[in-house]
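final-v4.txt, holding compact mmCIF, C-alpha atoms:
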```
# COMPACT_ATOMS: atom_id res chain seq x y z
CA MET A 1 16.67 -67.47 -0.22
CA SER A 2 13.95 -64.96 0.62
CA ALA A 3 12.86 -62.33 -1.86
CA ALA A 4 13.99 -59.59 0.55
CA ALA A 5 17.55 -60.92 0.51
CA LEU A 6 17.73 -60.24 -3.24
CA LEU A 7 16.68 -56.60 -2.93
CA ALA A 8 18.95 -53.62 -2.51
CA PRO A 9 18.83 -52.54 1.16
CA TRP A 10 17.13 -49.21 0.40
CA ILE A 11 14.46 -51.00 -1.64
CA ASP A 12 13.86 -53.48 1.19
CA ARG A 13 13.40 -50.61 3.68
CA GLN A 14 10.81 -48.92 1.47
CA LEU A 15 9.05 -52.23 0.83
CA ARG A 16 8.54 -52.85 4.55
CA LEU A 17 7.34 -49.29 5.03
CA LEU A 18 4.77 -49.57 2.23
CA LEU A 19 3.54 -52.99 3.37
CA GLY A 20 2.65 -51.44 6.72
CA GLN A 21 0.30 -48.93 5.06
CA ARG A 22 -3.31 -49.35 3.96
CA GLY A 23 -4.74 -48.47 0.59
CA HIS A 24 -5.48 -50.10 -2.74
CA ALA A 25 -3.33 -47.94 -5.06
CA ARG A 26 0.30 -46.85 -4.78
CA LEU A 27 2.23 -44.44 -6.97
CA LEU A 28 6.00 -44.90 -6.71
CA GLN A 29 7.60 -41.76 -8.09
CA GLY A 30 11.07 -40.33 -8.53
CA PRO A 31 13.84 -39.98 -11.10
CA SER A 32 15.04 -42.98 -13.08
CA GLY A 33 17.55 -45.36 -11.62
CA LEU A 34 16.17 -45.49 -8.08
CA GLY A 35 14.49 -48.90 -8.38
CA GLN A 36 10.82 -48.09 -9.04
CA TYR A 37 10.28 -51.31 -10.98
CA ASP A 38 12.06 -53.48 -8.40
CA LEU A 39 10.00 -51.98 -5.58
CA ALA A 40 6.74 -52.29 -7.53
CA LEU A 41 7.38 -55.96 -8.32
CA ALA A 42 8.42 -56.66 -4.72
CA LEU A 43 5.17 -55.12 -3.52
CA ALA A 44 3.13 -57.23 -5.93
CA ARG A 45 5.03 -60.38 -4.97
CA SER A 46 4.49 -59.71 -1.25
CA TRP A 47 0.78 -58.98 -1.62
CA LEU A 48 0.33 -62.28 -3.47
CA CYS A 49 2.69 -64.46 -1.40
CA ASP A 50 1.23 -67.53 0.32
CA THR A 51 3.58 -67.37 3.33
CA PRO A 52 4.91 -63.81 3.84
CA ASP A 53 7.07 -62.98 6.86
CA ALA A 54 5.95 -60.96 9.89
CA ASP A 55 6.38 -57.68 7.95
CA GLY A 56 4.42 -59.01 5.00
CA VAL A 57 7.47 -59.50 2.78
CA ALA A 58 7.30 -62.35 0.25
CA CYS A 59 9.01 -65.58 1.24
CA GLY A 60 10.51 -66.22 -2.21
CA ARG A 61 9.86 -69.97 -1.91
CA CYS A 62 6.12 -70.61 -2.21
CA ALA A 63 4.16 -71.49 -5.34
CA SER A 64 2.94 -67.90 -5.68
CA CYS A 65 6.46 -66.45 -5.58
CA HIS A 66 7.61 -69.02 -8.11
CA ALA A 67 4.72 -68.11 -10.42
CA VAL A 68 5.77 -64.45 -10.29
CA ASP A 69 9.38 -65.44 -11.03
CA VAL A 70 8.41 -67.39 -14.13
CA ARG A 71 5.90 -64.72 -15.26
CA THR A 72 2.82 -66.98 -15.04
CA HIS A 73 0.94 -65.77 -11.95
CA ALA A 74 -2.79 -65.85 -12.67
CA ASP A 75 -3.53 -62.95 -10.30
CA LEU A 76 -0.85 -60.54 -11.50
CA ARG A 77 -1.30 -58.32 -14.55
CA VAL A 78 1.71 -56.29 -15.72
CA LEU A 79 1.18 -53.30 -18.02
CA MET A 80 4.24 -51.94 -19.80
CA PRO A 81 5.20 -50.78 -23.27
CA GLU A 82 5.71 -53.93 -25.31
CA VAL A 83 9.38 -53.18 -25.93
CA GLN A 84 9.90 -53.04 -22.17
CA MET A 85 7.93 -56.22 -21.56
CA GLN A 86 10.19 -58.01 -24.01
CA ALA A 87 13.31 -56.61 -22.34
CA LEU A 88 12.12 -57.78 -18.90
CA ASP A 89 10.87 -61.18 -20.15
CA TRP A 90 7.17 -60.58 -19.54
CA PRO A 91 4.95 -62.42 -22.04
CA LEU A 92 2.86 -60.28 -24.36
CA PRO A 93 -0.89 -60.90 -24.75
CA GLN A 94 -1.48 -63.60 -27.34
CA ARG A 95 -3.06 -61.27 -29.87
CA ALA A 96 -0.31 -58.66 -29.56
CA GLN A 97 2.39 -61.31 -29.91
CA ALA A 98 0.70 -62.71 -33.03
CA GLU A 99 0.52 -59.26 -34.64
CA ILE A 100 4.21 -58.66 -33.99
CA ASP A 101 5.21 -62.15 -35.16
CA ASP A 102 3.24 -61.61 -38.38
CA LYS A 103 5.06 -58.27 -38.97
CA LYS A 104 1.77 -56.39 -38.86
CA ARG A 105 3.30 -53.87 -36.48
CA LYS A 106 6.30 -53.24 -34.26
CA PRO A 107 6.25 -53.58 -30.46
CA SER A 108 4.73 -50.47 -28.92
CA ARG A 109 6.72 -47.90 -26.95
CA GLU A 110 3.71 -46.85 -24.90
CA ILE A 111 1.12 -48.74 -22.87
CA ARG A 112 -1.63 -49.66 -25.30
CA VAL A 113 -5.27 -48.95 -24.54
CA ASP A 114 -6.37 -52.47 -25.48
CA ALA A 115 -3.95 -53.89 -22.89
CA MET A 116 -5.40 -51.53 -20.29
CA ARG A 117 -8.96 -52.59 -21.15
CA GLU A 118 -7.94 -56.22 -20.68
CA ALA A 119 -6.43 -55.29 -17.30
CA VAL A 120 -9.67 -53.57 -16.26
CA GLU A 121 -11.58 -56.75 -17.16
CA PHE A 122 -8.99 -58.78 -15.22
CA ALA A 123 -9.55 -56.58 -12.16
CA GLN A 124 -13.27 -57.37 -12.20
CA ARG A 125 -12.80 -61.15 -12.12
CA THR A 126 -12.47 -63.33 -9.03
CA ASP A 127 -8.90 -64.07 -7.99
CA ALA A 128 -7.50 -67.53 -8.66
CA ARG A 129 -5.35 -68.17 -5.56
CA GLY A 130 -7.29 -66.46 -2.77
CA ARG A 131 -4.77 -63.66 -2.11
CA GLY A 132 -6.41 -61.01 -4.27
CA LYS A 133 -5.17 -59.56 -7.56
CA VAL A 134 -2.51 -56.99 -8.47
CA VAL A 135 -2.14 -54.69 -11.49
CA LEU A 136 1.38 -53.31 -11.96
CA VAL A 137 1.88 -50.35 -14.35
CA TYR A 138 5.43 -49.30 -15.30
CA PRO A 139 6.49 -46.77 -16.39
CA ALA A 140 3.12 -45.22 -15.72
CA GLU A 141 3.93 -42.06 -17.67
CA GLN A 142 3.86 -44.17 -20.83
CA MET A 143 0.06 -44.27 -20.66
CA ASN A 144 -1.45 -41.87 -23.17
CA GLY A 145 -4.62 -39.97 -22.32
CA ILE A 146 -6.97 -42.63 -23.68
CA THR A 147 -5.17 -45.43 -21.81
CA ALA A 148 -5.12 -43.46 -18.56
CA ASN A 149 -8.82 -42.66 -18.81
CA ALA A 150 -9.56 -46.36 -19.32
CA LEU A 151 -7.96 -46.97 -15.90
CA LEU A 152 -9.61 -44.12 -13.99
CA LYS A 153 -12.96 -45.61 -12.94
CA THR A 154 -11.46 -48.93 -11.86
CA LEU A 155 -8.72 -47.09 -9.97
CA GLU A 156 -11.35 -45.03 -8.14
CA GLU A 157 -13.84 -47.83 -7.45
CA PRO A 158 -11.94 -51.15 -7.57
CA ASN A 159 -13.20 -54.54 -6.57
CA GLY A 160 -12.35 -55.30 -2.96
CA ASP A 161 -9.62 -57.80 -3.81
CA VAL A 162 -7.57 -55.85 -6.38
CA ARG A 163 -4.60 -53.56 -5.70
CA PHE A 164 -2.69 -51.30 -8.05
CA VAL A 165 0.94 -50.24 -8.03
CA LEU A 166 1.97 -47.58 -10.52
CA ALA A 167 5.67 -46.80 -10.86
CA SER A 168 6.84 -43.69 -12.64
CA GLU A 169 10.05 -41.87 -13.52
CA ALA A 170 8.12 -38.76 -14.60
CA ALA A 171 5.01 -38.58 -12.42
CA HIS A 172 4.37 -34.97 -13.47
CA GLN A 173 3.35 -36.33 -16.88
CA LEU A 174 0.50 -38.39 -15.39
CA LEU A 175 -3.04 -37.08 -15.44
CA PRO A 176 -3.86 -35.24 -12.19
CA THR A 177 -6.89 -37.50 -11.83
CA ILE A 178 -4.60 -40.56 -11.84
CA ARG A 179 -2.25 -39.04 -9.25
CA SER A 180 -5.13 -38.02 -7.00
CA ARG A 181 -6.43 -41.60 -6.81
CA CYS A 182 -3.13 -43.04 -5.59
CA GLN A 183 -1.10 -42.84 -2.41
CA ALA A 184 2.17 -41.29 -3.56
CA HIS A 185 5.52 -42.58 -2.37
CA ALA A 186 8.69 -40.64 -3.21
CA MET A 187 11.57 -43.00 -3.95
CA GLN A 188 14.42 -42.66 -1.46
CA TRP A 189 18.00 -41.93 -2.46
CA PRO A 190 20.44 -44.40 -0.88
CA SER A 191 23.62 -43.23 0.82
CA ASP A 192 26.89 -43.23 -1.11
CA ASP A 193 28.24 -46.05 1.06
CA GLU A 194 25.15 -48.17 0.45
CA MET A 195 25.31 -47.65 -3.30
CA CYS A 196 29.02 -48.48 -3.49
CA ALA A 197 28.67 -51.61 -1.37
CA TRP A 198 25.66 -52.79 -3.38
CA LEU A 199 27.32 -52.23 -6.76
CA GLU A 200 30.43 -54.08 -5.63
CA GLY A 201 28.12 -56.87 -4.47
CA GLN A 202 26.77 -57.02 -8.05
CA GLY A 203 30.27 -57.87 -9.27
CA ILE A 204 31.48 -54.39 -10.27
CA ALA A 205 35.15 -53.67 -9.56
CA ALA A 206 35.63 -51.16 -6.74
CA ALA A 207 37.66 -48.86 -9.01
CA ASP A 208 34.78 -48.68 -11.49
CA VAL A 209 32.00 -47.89 -9.01
CA ALA A 210 32.64 -44.15 -8.61
CA PRO A 211 32.90 -43.34 -12.35
CA LEU A 212 29.81 -45.43 -13.10
CA LEU A 213 27.84 -43.61 -10.43
CA ARG A 214 29.02 -40.27 -11.78
CA ALA A 215 27.95 -41.22 -15.30
CA ALA A 216 24.55 -42.24 -13.89
CA GLY A 217 24.13 -39.03 -11.91
CA GLY A 218 24.26 -40.96 -8.63
CA ARG A 219 21.49 -43.39 -9.58
CA PRO A 220 22.47 -46.96 -8.67
CA ASP A 221 20.16 -48.85 -11.04
CA ASP A 222 21.37 -46.79 -13.99
CA ALA A 223 24.99 -47.34 -12.93
CA LEU A 224 24.41 -51.10 -12.86
CA GLY A 225 22.74 -50.90 -16.26
CA TYR A 226 25.78 -49.16 -17.74
CA ALA A 227 28.07 -51.83 -16.32
CA ARG A 228 25.95 -54.66 -17.68
CA ALA A 229 25.82 -52.98 -21.08
CA GLY A 230 29.60 -53.21 -21.21
CA ARG A 231 30.26 -49.48 -20.86
CA ASP A 232 33.87 -48.76 -19.90
CA PRO A 233 33.65 -46.25 -17.04
CA ARG A 234 37.15 -44.96 -17.78
CA ARG A 235 36.04 -43.84 -21.25
CA TRP A 236 33.27 -41.73 -19.74
CA ALA A 237 35.81 -39.22 -18.42
CA LEU A 238 37.28 -38.91 -21.93
CA LEU A 239 33.93 -38.18 -23.58
CA PRO A 240 33.80 -34.36 -23.24
CA ARG A 241 37.25 -33.83 -24.75
CA ALA A 242 36.60 -36.37 -27.50
CA VAL A 243 33.39 -34.59 -28.46
CA ALA A 244 35.21 -31.25 -28.48
CA GLN A 245 37.65 -32.77 -30.98
CA GLY A 246 34.85 -34.17 -33.16
CA ASP A 247 35.82 -37.78 -32.37
CA THR A 248 32.84 -40.09 -32.93
CA THR A 249 34.72 -43.26 -31.93
CA VAL A 250 34.03 -42.52 -28.27
CA PHE A 251 30.44 -43.55 -29.05
CA ALA A 252 31.32 -46.86 -30.72
CA ASP A 253 28.47 -49.37 -30.29
CA TRP A 254 26.20 -46.78 -28.64
CA ARG A 255 22.57 -46.49 -29.71
CA PRO A 256 21.52 -43.02 -30.95
CA ALA A 257 19.32 -42.53 -27.87
CA GLU A 258 22.31 -43.22 -25.62
CA VAL A 259 24.41 -40.70 -27.53
CA VAL A 260 21.74 -38.02 -27.16
CA SER A 261 21.44 -38.79 -23.44
CA ALA A 262 25.22 -38.47 -22.95
CA LEU A 263 25.30 -35.14 -24.79
CA GLN A 264 22.37 -33.88 -22.71
CA LYS A 265 24.36 -34.71 -19.59
CA LEU A 266 27.35 -32.83 -20.97
CA CYS A 267 25.13 -29.84 -21.78
CA HIS A 268 23.68 -29.99 -18.25
CA ASP A 269 27.10 -29.98 -16.62
CA LEU A 270 28.42 -27.13 -18.75
CA SER A 271 25.32 -25.12 -17.87
CA ALA A 272 25.89 -25.89 -14.19
CA VAL A 273 29.51 -24.75 -14.40
CA ARG A 274 28.50 -21.54 -16.17
CA ALA A 275 26.03 -20.89 -13.34
CA GLY A 276 28.76 -21.46 -10.76
CA ALA A 277 27.46 -24.83 -9.61
CA ALA A 278 29.17 -28.21 -9.43
CA PRO A 279 28.78 -30.59 -12.40
CA ARG A 280 26.84 -33.78 -11.80
CA TYR A 281 27.87 -36.28 -14.47
CA PHE A 282 31.50 -35.40 -15.18
CA ALA A 283 34.43 -34.40 -13.00
CA PRO A 284 35.20 -30.66 -13.30
CA GLU A 285 38.67 -31.37 -14.67
CA ASP A 286 37.21 -33.46 -17.51
CA LEU A 287 35.04 -30.66 -18.89
CA PRO A 288 36.08 -28.17 -21.58
CA ALA A 289 35.48 -24.46 -21.06
CA ALA A 290 31.77 -23.68 -20.90
CA PRO A 291 30.43 -21.87 -23.98
CA SER A 292 27.96 -18.98 -23.81
CA TRP A 293 24.49 -19.23 -22.29
CA GLN A 294 22.98 -18.65 -25.73
CA ALA A 295 24.96 -21.50 -27.28
CA LEU A 296 24.06 -23.86 -24.43
CA ALA A 297 20.36 -22.94 -24.62
CA ARG A 298 20.25 -23.55 -28.38
CA TRP A 299 22.09 -26.84 -27.98
CA SER A 300 19.72 -27.98 -25.24
CA LYS A 301 16.71 -27.37 -27.51
CA VAL A 302 18.35 -29.24 -30.39
CA LEU A 303 19.11 -32.25 -28.17
CA ALA A 304 15.55 -32.29 -26.79
CA ALA A 305 14.23 -32.42 -30.35
CA GLU A 306 16.68 -35.19 -31.31
CA ALA A 307 15.64 -37.22 -28.26
CA ARG A 308 12.09 -37.50 -29.62
CA THR A 309 13.23 -39.43 -32.69
CA ALA A 310 16.46 -41.01 -31.45
CA GLU A 311 14.93 -44.47 -31.00
CA HIS A 312 14.16 -44.71 -34.72
CA PRO A 313 16.55 -42.45 -36.65
CA PHE A 314 16.53 -42.53 -40.44
CA GLN A 315 20.26 -43.22 -40.58
CA ALA A 316 22.06 -43.84 -37.29
CA GLY A 317 25.56 -43.18 -38.67
CA LEU A 318 24.64 -39.83 -40.16
CA MET A 319 22.78 -38.89 -37.00
CA LEU A 320 25.87 -39.62 -34.89
CA GLU A 321 28.07 -37.49 -37.12
CA ALA A 322 25.55 -34.64 -37.02
CA LEU A 323 25.24 -34.84 -33.23
CA VAL A 324 28.98 -34.78 -32.62
CA SER A 325 29.57 -32.07 -35.23
CA GLY A 326 26.87 -29.91 -33.62
CA ALA A 327 28.35 -30.49 -30.17
CA GLN A 328 31.82 -29.61 -31.42
CA ASN A 329 30.54 -26.33 -32.87
CA VAL A 330 28.91 -25.43 -29.55
CA LEU A 331 31.99 -26.27 -27.50
CA HIS A 332 34.20 -24.13 -29.74
CA SER A 333 31.80 -21.20 -29.96
CA ARG A 334 33.29 -17.95 -28.72
CA GLN A 335 31.67 -15.99 -25.94
CA THR A 336 31.54 -12.21 -25.87
CA ARG A 337 32.80 -10.19 -22.93
CA SER A 338 29.20 -9.56 -21.80
CA GLN A 339 28.59 -13.33 -21.68
CA ALA A 340 31.67 -14.12 -19.63
CA PRO A 341 31.04 -15.37 -16.07
CA ARG A 342 31.17 -12.68 -13.40
```
Would you write the structure of this file as structure tokens?
Amino acid sequence: MSAAALLAPWIDRQLRLLLGQRGHARLLQGPSGLGQYDLALALARSWLCDTPDADGVACGRCASCHAVDVRTHADLRVLMPEVQMQALDWPLPQRAQAEIDDKKRKPSREIRVDAMREAVEFAQRTDARGRGKVVLVYPAEQMNGITANALLKTLEEPNGDVRFVLASEAAHQLLPTIRSRCQAHAMQWPSDDEMCAWLEGQGIAAADVAPLLRAAGGRPDDALGYARAGRDPRRWALLPRAVAQGDTTVFADWRPAEVVSALQKLCHDLSAVRAGAAPRYFAPEDLPAAPSWQALARWSKVLAAEARTAEHPFQAGLMLEALVSGAQNVLHSRQTRSQAPR
């Protein structure tokens, strides 16, 4: 089976478009859940393929494609936060793996500068298979200033046989000098019919597709991720009322970061309703009455602060209780006549 056959149809369309363009550096940008990583890897695979099709798309059968599949391609360097590399089965550099195995440190949540320096050295070497080299950076916004600056000169003046693909879910956080050295590509939103058909093709029951897409804000990759994480889409509709009642069981088995994200979505939708707009993540009938603007603004700031430490809370159980208690207080706050919607 060809590599293109495994891609979502909207990713395949963008892949063929990008393969028809010239340039040594691409920046794939857009909100999460639109397939930036899949498109970036498909581009890298196609650039390195021994026998691509007429459009330049990887065959999925040659030795090069197999080497990408098993994460051993000599001419592909992938730069990610170490936690993400582990989640996607990419091997860590030997030194980094040894440090983690010896408990000297935890896997990083940003792209480390030493990994970038190794990638810059990689870009200066001769390719091993005669199809050039590729450096893939995802999510690119996880480069700090030092790491990004280590990439700049090579990105501006690369060797003739190296190409870069940067994929980002928050491109505005990248250094302007990084963005200016890349050809930007805005990720395309698929149609509702395409998303539904694709999700059903991934084994999701037809009745679950719509609630999963709503929970994901219409982003198909995120919807698939929720399904694979075992999230019951029918419980999503119950979440706002459960939170209003102070019920923490609705978040059973959720990580603190997932709880914060869900509450941020609830805050977003209540703010939208207060402004007279349609909610995005929940059905209107599932939402409680919107509290005051002041209460929503304060809650939004609290959740943004919690999001910064949610991946490593001091005590996850206490954090959950505090989050739900705070949400309950907001949802039951009274609004004055002057704050009522006009």
Inset, instruction - Select all residues near (25.6, -38.4, -35.8) (cut-off 12 Å, inclusive, file coordinates), counting all atoms listed in the file, and output them as a VMD selection string. - result: chain A and resid 243 246 to 249 251 to 252 254 to 260 263 303 306 310 313 to 328
Dump as a short mmCIF file (atom, residue, chain, number, x, y, z; two decimals), in the frame of the given file, selection limited to C-alpha atoms:
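Final output, saved to part_16.cif:
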```cif
data_model
loop_
_atom_site.label_atom_id
_atom_site.label_comp_id
_atom_site.auth_asym_id
_atom_site.auth_seq_id
_atom_site.Cartn_x
_atom_site.Cartn_y
_atom_site.Cartn_z
CA VAL A 243 33.39 -34.59 -28.46
CA GLY A 246 34.85 -34.17 -33.16
CA ASP A 247 35.82 -37.78 -32.37
CA THR A 248 32.84 -40.09 -32.93
CA THR A 249 34.72 -43.26 -31.93
CA PHE A 251 30.44 -43.55 -29.05
CA ALA A 252 31.32 -46.86 -30.72
CA TRP A 254 26.20 -46.78 -28.64
CA ARG A 255 22.57 -46.49 -29.71
CA PRO A 256 21.52 -43.02 -30.95
CA ALA A 257 19.32 -42.53 -27.87
CA GLU A 258 22.31 -43.22 -25.62
CA VAL A 259 24.41 -40.70 -27.53
CA VAL A 260 21.74 -38.02 -27.16
CA LEU A 263 25.30 -35.14 -24.79
CA LEU A 303 19.11 -32.25 -28.17
CA GLU A 306 16.68 -35.19 -31.31
CA ALA A 310 16.46 -41.01 -31.45
CA PRO A 313 16.55 -42.45 -36.65
CA PHE A 314 16.53 -42.53 -40.44
CA GLN A 315 20.26 -43.22 -40.58
CA ALA A 316 22.06 -43.84 -37.29
CA GLY A 317 25.56 -43.18 -38.67
CA LEU A 318 24.64 -39.83 -40.16
CA MET A 319 22.78 -38.89 -37.00
CA LEU A 320 25.87 -39.62 -34.89
CA GLU A 321 28.07 -37.49 -37.12
CA ALA A 322 25.55 -34.64 -37.02
CA LEU A 323 25.24 -34.84 -33.23
CA VAL A 324 28.98 -34.78 -32.62
CA SER A 325 29.57 -32.07 -35.23
CA GLY A 326 26.87 -29.91 -33.62
CA ALA A 327 28.35 -30.49 -30.17
CA GLN A 328 31.82 -29.61 -31.42
#
```
Legend entry - Nearest to Gln14 in chain A by atom-to-atom distance, counting all atoms listed in the file, from A:Arg45, A:Gln188, A:Glu121, A:Val162: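 Of the candidates, the smallest distance to Gln14 in chain A is held by A:Gln188.
A straight line drawn from CA of Asp222 in chain A to CA of Asp208 in chain A is 13.8 Å long.
Distance annotation: of A:Val120, A:Leu212, A:Ala74, A:Ala128, the residue with the minimal separation from Glu157 in chain A is A:Val120; atom set is all atoms listed in the file.
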Inset, instruction - Could you check which of A:Gln173, A:Ser180, A:Gln264, A:Gln29 is closest to Ser300 in chain A, using all atoms listed in the file? - result: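 Of all the options, A:Gln264 lies closest to Ser300 in chain A.
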Inset, instruction - May I ask for the distance between CA of Val137 in chain A and CA of Phe122 in chain A, given in Å to one decimal place? - result: 13.8 Å
